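Student: So I've got this file, data16.txt, and it contains compact mmCIF, C-alpha atoms:
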```
# COMPACT_ATOMS: atom_id res chain seq x y z
CA MET X 1384 5.85 4.37 -41.80
CA THR X 1385 7.15 0.95 -42.86
CA THR X 1386 5.27 -2.13 -41.84
CA SER X 1387 7.01 -4.62 -39.66
CA GLU X 1388 9.21 -7.16 -41.43
CA GLN X 1389 8.53 -9.77 -38.80
CA SER X 1390 5.72 -12.23 -39.22
CA ALA X 1391 4.23 -11.86 -35.72
CA PRO X 1392 3.42 -8.26 -34.78
CA HIS X 1393 5.89 -6.91 -32.26
CA GLY X 1394 6.05 -3.72 -30.28
CA LEU X 1395 8.38 -2.09 -27.81
CA PHE X 1396 7.62 -2.27 -24.11
CA VAL X 1397 8.80 1.08 -22.76
CA TYR X 1398 10.21 0.90 -19.23
CA ALA X 1399 11.79 4.22 -18.48
CA VAL X 1400 13.45 7.35 -19.73
CA VAL X 1401 17.07 7.90 -18.74
CA GLN X 1402 19.94 10.07 -19.89
CA ALA X 1403 21.42 8.97 -23.22
CA ASP X 1404 24.75 7.99 -21.66
CA HIS X 1405 23.08 5.72 -19.12
CA ASP X 1406 24.81 2.34 -18.99
CA LEU X 1407 22.21 -0.38 -19.24
CA PRO X 1408 22.78 -3.12 -16.67
CA ASP X 1409 24.29 -6.33 -18.01
CA GLY X 1410 22.28 -9.52 -18.17
CA VAL X 1411 18.96 -7.96 -17.22
CA THR X 1412 16.00 -8.87 -19.37
CA GLY X 1413 12.53 -7.43 -19.42
CA VAL X 1414 9.05 -8.77 -20.05
CA ASP X 1415 9.16 -12.14 -21.86
CA GLY X 1416 12.88 -12.35 -21.26
CA SER X 1417 13.71 -9.91 -24.04
CA PRO X 1418 16.97 -7.95 -23.71
CA LEU X 1419 16.88 -4.25 -22.93
CA ALA X 1420 17.83 -1.63 -25.49
CA LEU X 1421 18.16 2.14 -25.49
CA VAL X 1422 16.33 4.32 -27.99
CA PRO X 1423 18.40 7.52 -27.99
CA TYR X 1424 17.16 11.00 -28.80
CA GLY X 1425 19.34 14.00 -28.03
CA GLY X 1426 20.43 13.75 -24.41
CA LEU X 1427 17.67 11.26 -23.60
CA GLY X 1428 17.21 7.54 -23.97
CA ALA X 1429 14.16 5.31 -23.66
CA VAL X 1430 14.76 1.88 -22.13
CA VAL X 1431 12.76 -0.60 -24.19
CA GLY X 1432 12.41 -4.31 -24.89
CA THR X 1433 10.66 -6.19 -27.67
CA VAL X 1434 7.30 -7.71 -26.88
CA ALA X 1435 4.83 -9.68 -29.00
CA LEU X 1436 1.59 -7.79 -29.44
CA ASP X 1437 -0.58 -10.89 -29.70
CA ARG X 1438 0.53 -12.27 -26.36
CA PRO X 1439 -1.84 -12.67 -23.40
CA ALA X 1440 -2.13 -9.43 -21.48
CA GLY X 1441 -1.07 -8.50 -17.97
CA ARG X 1442 0.36 -11.60 -16.41
CA ARG X 1443 1.88 -11.57 -12.98
CA ALA X 1444 5.29 -12.31 -14.41
CA ASP X 1445 5.08 -9.09 -16.44
CA LEU X 1446 4.73 -7.00 -13.31
CA THR X 1447 7.67 -8.63 -11.62
CA ALA X 1448 9.75 -8.37 -14.82
CA TYR X 1449 8.98 -4.65 -15.02
CA SER X 1450 9.84 -4.25 -11.37
CA ALA X 1451 13.12 -6.14 -11.84
CA VAL X 1452 14.12 -3.83 -14.70
CA MET X 1453 13.55 -0.81 -12.45
CA GLU X 1454 15.57 -2.40 -9.69
CA ALA X 1455 18.42 -3.03 -12.12
CA LEU X 1456 18.33 0.56 -13.39
CA LEU X 1457 18.28 2.04 -9.88
CA PRO X 1458 22.02 2.06 -9.08
CA GLY X 1459 22.85 4.24 -12.09
CA ARG X 1460 21.87 7.78 -12.97
CA ALA X 1461 18.36 9.13 -12.76
CA VAL X 1462 15.47 6.98 -13.96
CA ALA X 1463 12.02 8.29 -14.92
CA PRO X 1464 9.77 5.23 -14.98
CA ILE X 1465 7.09 4.95 -17.63
CA SER X 1466 3.75 3.62 -16.45
CA PHE X 1467 3.54 -0.20 -16.47
CA GLY X 1468 1.99 -1.62 -19.61
CA THR X 1469 3.14 1.05 -22.05
CA VAL X 1470 3.87 -0.54 -25.43
CA MET X 1471 4.64 1.45 -28.57
CA PRO X 1472 4.80 0.15 -32.14
CA ASP X 1473 8.44 0.93 -32.97
CA GLU X 1474 11.47 3.15 -32.28
CA GLN X 1475 10.18 5.95 -34.50
CA THR X 1476 7.02 6.18 -32.43
CA VAL X 1477 8.99 6.17 -29.19
CA ILE X 1478 10.92 9.17 -30.46
CA ALA X 1479 8.00 10.96 -32.09
CA GLU X 1480 5.43 10.41 -29.35
CA LEU X 1481 7.49 10.17 -26.17
CA LEU X 1482 10.97 11.67 -26.37
CA ALA X 1483 10.77 14.52 -28.88
CA PRO X 1484 7.64 16.27 -27.62
CA ARG X 1485 8.77 16.05 -24.00
CA GLU X 1486 12.50 16.56 -24.43
CA ALA X 1487 12.82 19.70 -22.34
CA HIS X 1488 10.52 18.48 -19.64
CA LEU X 1489 12.13 15.03 -19.38
CA SER X 1490 15.66 16.49 -19.32
CA ARG X 1491 14.71 18.80 -16.48
CA LEU X 1492 12.96 15.97 -14.65
CA LEU X 1493 16.01 13.70 -14.90
CA GLN X 1494 18.20 16.50 -13.56
CA GLU X 1495 15.90 16.90 -10.57
CA LEU X 1496 15.82 13.17 -9.92
CA ASP X 1497 19.54 12.59 -10.33
CA GLY X 1498 21.15 11.28 -7.16
CA ARG X 1499 17.78 10.74 -5.51
CA VAL X 1500 15.79 7.63 -4.72
CA GLN X 1501 12.29 6.90 -3.52
CA TYR X 1502 11.22 5.18 -0.36
CA ASN X 1503 7.68 4.14 0.47
CA VAL X 1504 6.81 4.38 4.12
CA ARG X 1505 3.67 3.06 5.73
CA ALA X 1506 2.56 3.34 9.33
CA SER X 1507 -0.15 0.79 9.97
CA TYR X 1508 -2.02 0.52 13.23
CA VAL X 1509 -2.01 -2.15 15.87
CA GLU X 1510 -5.78 -2.24 15.96
CA GLU X 1511 -6.48 -3.29 19.51
CA ALA X 1512 -4.07 -0.69 20.88
CA VAL X 1513 -5.81 2.16 19.07
CA LEU X 1514 -9.28 0.83 19.89
CA ALA X 1515 -8.29 0.73 23.54
CA GLU X 1516 -7.11 4.37 23.37
CA ILE X 1517 -10.33 5.42 21.72
CA VAL X 1518 -12.55 3.64 24.23
CA GLU X 1519 -10.61 5.04 27.14
CA SER X 1520 -10.68 8.62 25.91
CA ASP X 1521 -14.33 8.93 24.88
CA PRO X 1522 -17.12 8.58 27.45
CA GLU X 1523 -19.87 8.19 24.84
CA ILE X 1524 -18.02 5.36 23.12
CA ARG X 1525 -17.42 3.75 26.48
CA HIS X 1526 -21.09 4.03 27.33
CA LEU X 1527 -22.29 2.60 24.00
CA ARG X 1528 -19.81 -0.20 24.31
CA GLU X 1529 -21.15 -1.12 27.72
CA ARG X 1530 -24.70 -1.09 26.38
CA THR X 1531 -24.04 -3.36 23.41
CA ARG X 1532 -21.13 -5.63 24.14
CA ASP X 1533 -22.86 -8.46 25.96
CA LEU X 1534 -25.96 -8.54 23.78
CA PRO X 1535 -26.66 -10.60 20.68
CA GLU X 1536 -25.22 -9.16 17.52
CA ASP X 1537 -28.52 -8.00 16.11
CA ALA X 1538 -29.70 -6.28 19.29
CA ARG X 1539 -29.54 -2.50 19.70
CA MET X 1540 -28.54 -2.06 16.09
CA GLY X 1541 -28.83 1.71 16.27
CA ASP X 1542 -26.44 1.85 19.19
CA ARG X 1543 -24.03 -0.45 17.41
CA ILE X 1544 -23.98 1.65 14.27
CA ARG X 1545 -23.52 4.81 16.35
CA LEU X 1546 -20.70 3.14 18.27
CA GLY X 1547 -18.95 2.08 15.09
CA GLU X 1548 -19.43 5.50 13.55
CA LEU X 1549 -17.93 7.25 16.58
CA VAL X 1550 -15.00 4.83 16.67
CA SER X 1551 -14.42 5.34 12.97
CA GLN X 1552 -14.48 9.13 13.32
CA ALA X 1553 -12.19 9.07 16.34
CA TRP X 1554 -9.78 6.84 14.47
CA GLU X 1555 -9.77 9.07 11.38
CA HIS X 1556 -9.01 12.02 13.61
CA ARG X 1557 -6.16 10.19 15.34
CA ALA X 1558 -4.80 9.04 11.99
CA ARG X 1559 -4.58 12.60 10.71
CA LEU X 1560 -2.73 13.72 13.84
CA ASP X 1561 -0.37 10.74 13.65
CA ALA X 1562 0.28 11.36 9.97
CA ASP X 1563 1.12 15.02 10.61
CA GLN X 1564 3.45 14.12 13.43
CA LEU X 1565 5.28 11.45 11.48
CA LEU X 1566 5.60 13.58 8.37
CA ALA X 1567 6.91 16.51 10.36
CA GLN X 1568 9.83 14.36 11.44
CA VAL X 1569 10.81 13.10 8.00
CA VAL X 1570 10.05 16.10 5.78
CA PRO X 1571 13.22 17.96 6.85
CA ILE X 1572 15.30 15.03 5.57
CA VAL X 1573 13.62 14.46 2.22
CA SER X 1574 13.52 16.62 -0.89
CA ALA X 1575 9.88 15.79 -1.69
CA HIS X 1576 7.05 13.68 -0.39
CA ALA X 1577 3.75 12.45 -1.81
CA VAL X 1578 0.87 11.04 0.21
CA ARG X 1579 -0.17 7.79 -1.44
CA ARG X 1580 -3.26 7.24 0.67
CA GLU X 1581 -5.05 9.56 3.03
CA PRO X 1582 -4.71 8.81 6.75
CA GLY X 1583 -7.28 6.39 8.13
CA PRO X 1584 -7.75 3.29 10.24
CA GLN X 1585 -5.87 1.25 7.66
CA ALA X 1586 -2.74 3.30 8.05
CA ALA X 1587 -1.84 6.65 9.54
CA LEU X 1588 0.70 7.26 6.86
CA ASP X 1589 1.23 5.84 3.42
CA ALA X 1590 3.64 8.07 1.59
CA ALA X 1591 6.40 8.15 -0.97
CA LEU X 1592 9.56 10.00 -0.02
CA LEU X 1593 12.17 11.32 -2.45
CA VAL X 1594 15.54 11.58 -0.79
CA ASP X 1595 19.13 12.32 -1.78
CA ARG X 1596 21.15 9.13 -1.79
CA ALA X 1597 23.55 10.89 0.54
CA ARG X 1598 20.79 11.29 3.12
CA SER X 1599 19.10 7.93 2.78
CA GLN X 1600 20.92 6.49 5.78
CA GLU X 1601 19.80 9.47 7.84
CA LEU X 1602 16.24 8.84 6.71
CA GLU X 1603 16.43 5.16 7.56
CA ASP X 1604 17.84 5.96 11.00
CA GLN X 1605 15.11 8.48 11.64
CA LEU X 1606 12.41 6.01 10.63
CA GLU X 1607 13.97 3.33 12.79
CA SER X 1608 13.77 5.72 15.70
CA LEU X 1609 10.16 6.64 14.91
CA ALA X 1610 9.30 2.95 14.61
CA GLU X 1611 10.73 2.34 18.04
CA GLN X 1612 8.71 5.20 19.54
CA ALA X 1613 5.54 3.92 17.88
CA ASP X 1614 6.13 0.32 18.84
CA GLY X 1615 3.01 -1.42 20.11
CA ARG X 1616 0.73 1.16 18.54
CA MET X 1617 1.92 1.49 14.96
CA GLN X 1618 4.06 -0.70 12.77
CA LEU X 1619 6.30 1.23 10.37
CA THR X 1620 7.23 -0.42 7.11
CA LEU X 1621 9.82 0.92 4.72
CA LEU X 1622 10.19 -0.17 1.12
CA GLY X 1623 13.10 0.97 -0.92
CA PRO X 1624 15.26 2.35 -2.28
CA LEU X 1625 13.09 2.42 -5.40
CA VAL X 1626 13.11 4.36 -8.64
CA PRO X 1627 11.00 7.52 -8.21
CA TYR X 1628 7.67 6.07 -9.31
CA ASP X 1629 5.70 8.75 -7.50
CA PHE X 1630 7.76 11.76 -8.55
CA VAL X 1631 7.55 11.81 -12.32
CA GLY X 1632 4.18 13.50 -12.70
CA SER X 1633 2.10 12.49 -15.68
CA ALA X 1634 3.70 14.62 -18.37
CA MET G 980 20.25 0.08 17.04
CA THR G 981 22.94 2.18 15.45
CA MET G 982 22.77 0.84 11.93
CA THR G 983 19.49 0.12 10.25
CA ALA G 984 18.90 -3.48 9.43
CA GLN G 985 18.42 -4.12 5.74
CA ARG G 986 15.78 -6.74 6.42
CA SER G 987 13.14 -7.13 9.03
CA GLY G 988 14.12 -8.97 12.15
CA GLY G 989 16.65 -6.64 13.72
CA GLY G 990 15.06 -3.29 14.42
CA TYR G 991 11.59 -1.94 14.95
CA LEU G 992 11.33 -0.77 11.36
CA ASN G 993 9.89 -3.43 9.09
CA ARG G 994 12.02 -3.75 5.94
CA PRO G 995 10.43 -6.31 3.68
CA SER G 996 11.96 -7.15 0.37
CA PRO G 997 9.26 -6.03 -2.10
CA SER G 998 9.15 -9.27 -4.02
CA GLY G 999 5.57 -10.35 -3.39
CA LEU G 1000 3.01 -9.57 -6.05
CA ALA G 1001 0.89 -7.47 -3.71
CA ASP G 1002 3.88 -5.28 -2.84
CA VAL G 1003 4.86 -4.88 -6.47
CA VAL G 1004 1.31 -3.98 -7.44
CA GLU G 1005 1.13 -1.48 -4.62
CA ILE G 1006 4.39 0.12 -5.69
CA ILE G 1007 4.01 0.32 -9.45
CA LEU G 1008 0.36 0.33 -10.44
CA ASP G 1009 -0.92 3.75 -11.53
CA LYS G 1010 2.59 5.17 -11.16
CA GLY G 1011 5.12 6.38 -13.68
CA ILE G 1012 4.78 8.61 -16.70
CA VAL G 1013 1.57 7.98 -18.60
CA ILE G 1014 1.74 8.23 -22.38
CA ASP G 1015 -1.34 9.21 -24.39
CA ALA G 1016 -3.66 6.27 -24.67
CA TYR G 1017 -3.82 6.13 -28.47
CA VAL G 1018 -0.21 5.04 -28.81
CA ARG G 1019 -0.39 2.59 -25.95
CA VAL G 1020 -1.28 -1.03 -25.87
CA SER G 1021 -2.47 -1.84 -22.42
CA LEU G 1022 -1.01 -4.97 -20.90
CA VAL G 1023 -2.91 -4.56 -17.68
CA GLY G 1024 -5.29 -7.47 -17.78
CA ILE G 1025 -8.12 -8.80 -15.73
CA GLU G 1026 -5.86 -10.71 -13.39
CA LEU G 1027 -4.44 -7.47 -12.09
CA ILE G 1028 -7.75 -5.70 -11.73
CA THR G 1029 -8.87 -8.30 -9.22
CA ILE G 1030 -6.05 -7.27 -6.93
CA ASP G 1031 -7.09 -4.24 -4.99
CA ALA G 1032 -5.61 -3.58 -1.61
CA ARG G 1033 -7.63 -0.46 -1.06
CA ILE G 1034 -10.32 -0.52 1.55
CA VAL G 1035 -13.07 2.02 1.56
CA ILE G 1036 -14.19 3.16 4.96
CA ALA G 1037 -17.69 4.58 4.90
CA SER G 1038 -20.52 2.16 5.35
CA VAL G 1039 -22.82 0.72 7.93
CA ASP G 1040 -21.08 -2.61 7.50
CA THR G 1041 -17.82 -0.97 8.36
CA TYR G 1042 -19.27 0.77 11.37
CA LEU G 1043 -20.63 -2.52 12.62
CA ARG G 1044 -17.23 -4.06 12.10
CA PHE G 1045 -15.68 -1.32 14.25
CA ALA G 1046 -18.38 -1.68 16.86
CA GLU G 1047 -17.81 -5.36 17.10
CA ALA G 1048 -14.04 -5.00 17.27
CA THR G 1049 -14.48 -2.46 20.04
CA ASN G 1050 -16.83 -4.73 21.92
CA ARG G 1051 -14.45 -7.62 21.62
CA LEU G 1052 -11.78 -5.69 23.46
CA ASP G 1053 -11.51 -6.81 27.02
CA LEU G 1054 -10.14 -3.67 28.52
CA PHE G 1055 -11.52 -3.42 32.02
CA ASP G 1056 -12.26 -7.02 32.19
CA LYS G 1057 -14.81 -8.24 34.67
CA ASP G 1058 -15.76 -11.68 33.56
CA GLY G 1059 -14.50 -12.11 30.03
CA LYS G 1060 -11.30 -13.56 28.74
CA ASP G 1061 -8.31 -11.43 28.00
CA LEU G 1062 -7.16 -11.08 24.43
CA PRO G 1063 -4.43 -13.72 24.37
CA ASP G 1064 -6.87 -16.26 25.80
CA PHE G 1065 -9.42 -15.23 23.26
CA ILE G 1066 -6.95 -15.71 20.44
CA HIS G 1067 -5.89 -19.00 21.91
CA ASP G 1068 -9.49 -20.15 21.91
CA LEU G 1069 -9.81 -19.26 18.27
CA GLN G 1070 -6.79 -21.32 17.47
CA ASP G 1071 -8.07 -24.22 19.51
CA LYS G 1072 -11.29 -24.15 17.57
CA GLY G 1073 -9.28 -24.43 14.40
CA ALA G 1074 -10.88 -21.31 13.02
CA SER G 1075 -7.66 -20.18 11.45
CA GLY G 1076 -4.26 -21.70 11.01
CA LYS G 1077 -2.85 -18.30 10.27
CA VAL G 1078 -3.55 -16.56 13.55
CA GLY G 1079 -0.06 -16.06 14.80
CA GLY G 1080 -0.42 -13.50 17.54
CA ALA G 1081 -2.60 -10.93 19.16
CA VAL G 1082 -2.20 -8.45 16.34
CA ARG G 1083 -3.23 -10.77 13.58
CA GLY G 1084 -5.89 -12.24 15.82
CA ALA G 1085 -7.45 -8.85 16.33
CA LYS G 1086 -7.17 -8.16 12.62
CA LYS G 1087 -9.00 -11.39 11.99
CA ALA G 1088 -11.73 -10.27 14.34
CA LEU G 1089 -11.86 -6.88 12.64
CA THR G 1090 -12.21 -8.31 9.19
CA GLY G 1091 -14.92 -10.66 10.26
CA GLY G 1092 -13.33 -14.01 9.78
CA ASP G 1093 -15.13 -17.17 10.80
CA ASP G 1094 -13.92 -16.69 14.27
CA ASP G 1095 -16.23 -18.02 16.88
CA ASP G 1096 -19.22 -20.20 17.41
CA ASP G 1097 -20.75 -19.14 20.68
CA GLU G 1098 -24.25 -20.05 19.66
CA ASP G 1099 -25.73 -18.95 22.96
CA GLU G 1100 -24.37 -15.43 22.60
CA ARG G 1101 -24.55 -14.91 18.89
CA PRO G 1102 -27.18 -17.10 17.39
CA ARG G 1103 -27.08 -15.66 13.90
CA ARG G 1104 -23.94 -14.69 12.14
CA THR G 1105 -24.72 -12.89 8.97
CA ARG G 1106 -21.85 -10.48 9.03
CA LYS G 1107 -20.31 -9.65 5.70
CA THR G 1108 -16.69 -10.21 5.00
CA ALA G 1109 -14.44 -7.21 4.49
CA SER G 1110 -14.11 -7.99 0.82
CA ALA G 1111 -17.84 -8.07 0.40
CA SER G 1112 -18.08 -4.62 1.97
CA ARG G 1113 -15.42 -3.38 -0.37
CA ARG G 1114 -17.26 -4.61 -3.40
CA ARG G 1115 -20.38 -2.91 -2.20
CA ASP G 1116 -18.57 0.34 -1.52
CA ASP G 1117 -16.98 0.30 -4.92
CA ARG G 1118 -20.29 0.50 -6.70
```
Since I need it in another form, could you write the structure as structure tokens?
Tutor:
Amino acid sequence: MTTSEQSAPHGLFVYAVVQADHDLPDGVTGVDGSPLALVPYGGLGAVVGTVALDRPAGRRADLTAYSAVMEALLPGRAVAPISFGTVMPDEQTVIAELLAPREAHLSRLLQELDGRVQYNVRASYVEEAVLAEIVESDPEIRHLRERTRDLPEDARMGDRIRLGELVSQAWEHRARLDADQLLAQVVPIVSAHAVRREPGPQAALDAALLVDRARSQELEDQLESLAEQADGRMQLTLLGPLVPYDFVGSA
Amino acid sequence: MTMTAQRSGGGYLNRPSPSGLADVVEIILDKGIVIDAYVRVSLVGIELITIDARIVIASVDTYLRFAEATNRLDLFDKDGKDLPDFIHDLQDKGASGKVGGAVRGAKKALTGGDDDDDEDERPRRTRKTASASRRRDDR
């Protein structure tokens, strides 16, 4: 427990846990432009960078710097990202509080993640297309719409609320069906998936997919095909490859 | 479309480069391994807390928003304008410089932008914005 020799208090921003033999990418710096270093412990290593503790908190640049570090680590072996904003006092603490107590768990996790990457897929709706479907398929909605559409906005408020409620429910129902259908066509390709947001009018599907690198092209092709089928009704967006942010649990 | 395009523009699948702050926030916030709080120094400041892409769907305001969006559809049109005309009108009125197509136009209508001024039809416009509904729902 030695106190810091430096005048300004510094800590270590912890980015990720990797295997100890992980080659850190050249020329990549982290938050505040500080170079990356590896804190080794057994077969594990924590990717860290120095950060002043008295600095202003949570700037936009910090998020993008963190994200850039992850992007730089991605091409190598497995990466278990540590939650953004994790700063520890020194190397001893990183070992004592992060690596040592979780050594077995983290080693197993890195083995599972090795050779796999994450994609985030979102299927958002083309609103007027879905609204049109809903109106056409539900007589009560059609009727309420006819009763309220040409009146002032504050007229027939009860009917309006009922109309909106029915539309909302119908949309939720559709979203769940769409989500199930989409997932059923990607789950056979991926090794794990995690729903990031429940299906709803915002998006039928918002999910993280963990896929073997060897199958990522297959996944992209499948999603391209699904996007074509859904065209005009849903817009599919694919982010990635990413480090497996959603598949590291909270251990 | 044999090979998937790496960026949007080629295929049907949208492939943005996740460089924007909103994308990065969406990807990384609340993700990753969480270390016990007592050894952490949180760098997540106020600036980040104000960014919240999540929309809660469960309020009268929201229902009214849906109702209005539904009523704005001109499906079996008798006398109204069709959607592209409607959007075009909005653009002509200078309501939004960002309305780039039917999709975004409809989204604008859904989220209750300042989107028309037909005083004869809708004398009072007291509709809340989507963000106001969110704040209310978050309480």
Student: Could you please determine the separation between atom CA of X:Arg1528 and atom CA of X:Gln1618 in Å, to one decimal place?
Tutor: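 Answer for the atom CA of X:Arg1528 to atom CA of X:Gln1618 separation: 26.5 Å.
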Student: Please report, as JSON, the centre and edge lengths in Å to one decimal of an axis-aligned box covering all listed atoms of stretch 1579-1597 of chain X with 3 Å per side.
Tutor:
```
{"center_x": 7.9, "center_y": 6.8, "center_z": 3.9, "size_x": 37.3, "size_y": 17.1, "size_z": 18.7}
```
Student: Which polymer residues, protein or nucleic acid, are no farther than 12 Å from (-21.8, 1.6, 17.6), counting only C-alpha atoms, as a PyMOL selection string?
Tutor: (chain X and resi 1518+1523-1532+1536-1552) or (chain G and resi 1039-1050)
Student: Fewer than 6 positions away in the same chain doesn't count, so skip those; otherwise give me all residues within 10 Å of X:Ala1451, counting only C-alpha atoms, as a list in words.
Tutor: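 Everything that qualifies: Val1411, Thr1412, Gly1413, Val1414, Asp1445 and Leu1457 of chain X; Ser998 and Val1003 of chain G.
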Student: Between atom CA of X:Leu1534 and atom CA of X:Gln1585, what distance in Å does the model show, to one decimal?
Tutor: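 Rounded to one decimal, the two atoms are 27.6 Å apart.
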Student: List every protein, DNA or RNA residue with an atom no more than 12 Å from (11.6, 5.1, 16.6) in the file's coordinates, counting only C-alpha atoms, and format the result as a ChimeraX atom specification.
Tutor: /X:1506,1565,1568-1569,1602-1620 /G:980-981,983,990-993
Student: At what distance in Å, to one decimal, does atom CA of X:Leu1493 lie from atom CA of X:His1393?
Tutor: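 These two atoms are separated by 28.8 Å.
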Student: Would you please work out which residue, of X:Arg1460, X:Arg1442, X:His1556, X:Arg1596, is nearest to chain G when using all atoms listed in the file?
Tutor: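 Ranked by minimum distance to chain G, first place goes to X:Arg1442.
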Student: Pick out the closest residue to chain G from this set: X:Asp1409, X:Glu1581, X:Glu1495, X:Glu1480. Count all atoms listed in the file.
Tutor: X:Glu1480
Student: Please provide as number ranges by chain all residues within 7 Å of G:Gly1011, with the sequence filter that same-chain residues fewer than 4 positions apart are discarded (counting all atoms listed in the file).
Tutor: X: 1464-1466, 1628-1629, 1631
Student: With all atoms listed in the file as the basis for distance, which of X:Glu1601, X:Glu1511, X:Asp1589, X:Asp1561 is at the shortest distance from chain G?
Tutor: X:Glu1511
Student: Just want the 6 Å neighbourhood of X:Gly1432, counted on only C-alpha atoms, with same-chain residues fewer than 4 positions away dropped. Output as a PyMOL selection string.
Tutor: chain X and resi 1395-1396+1417-1419
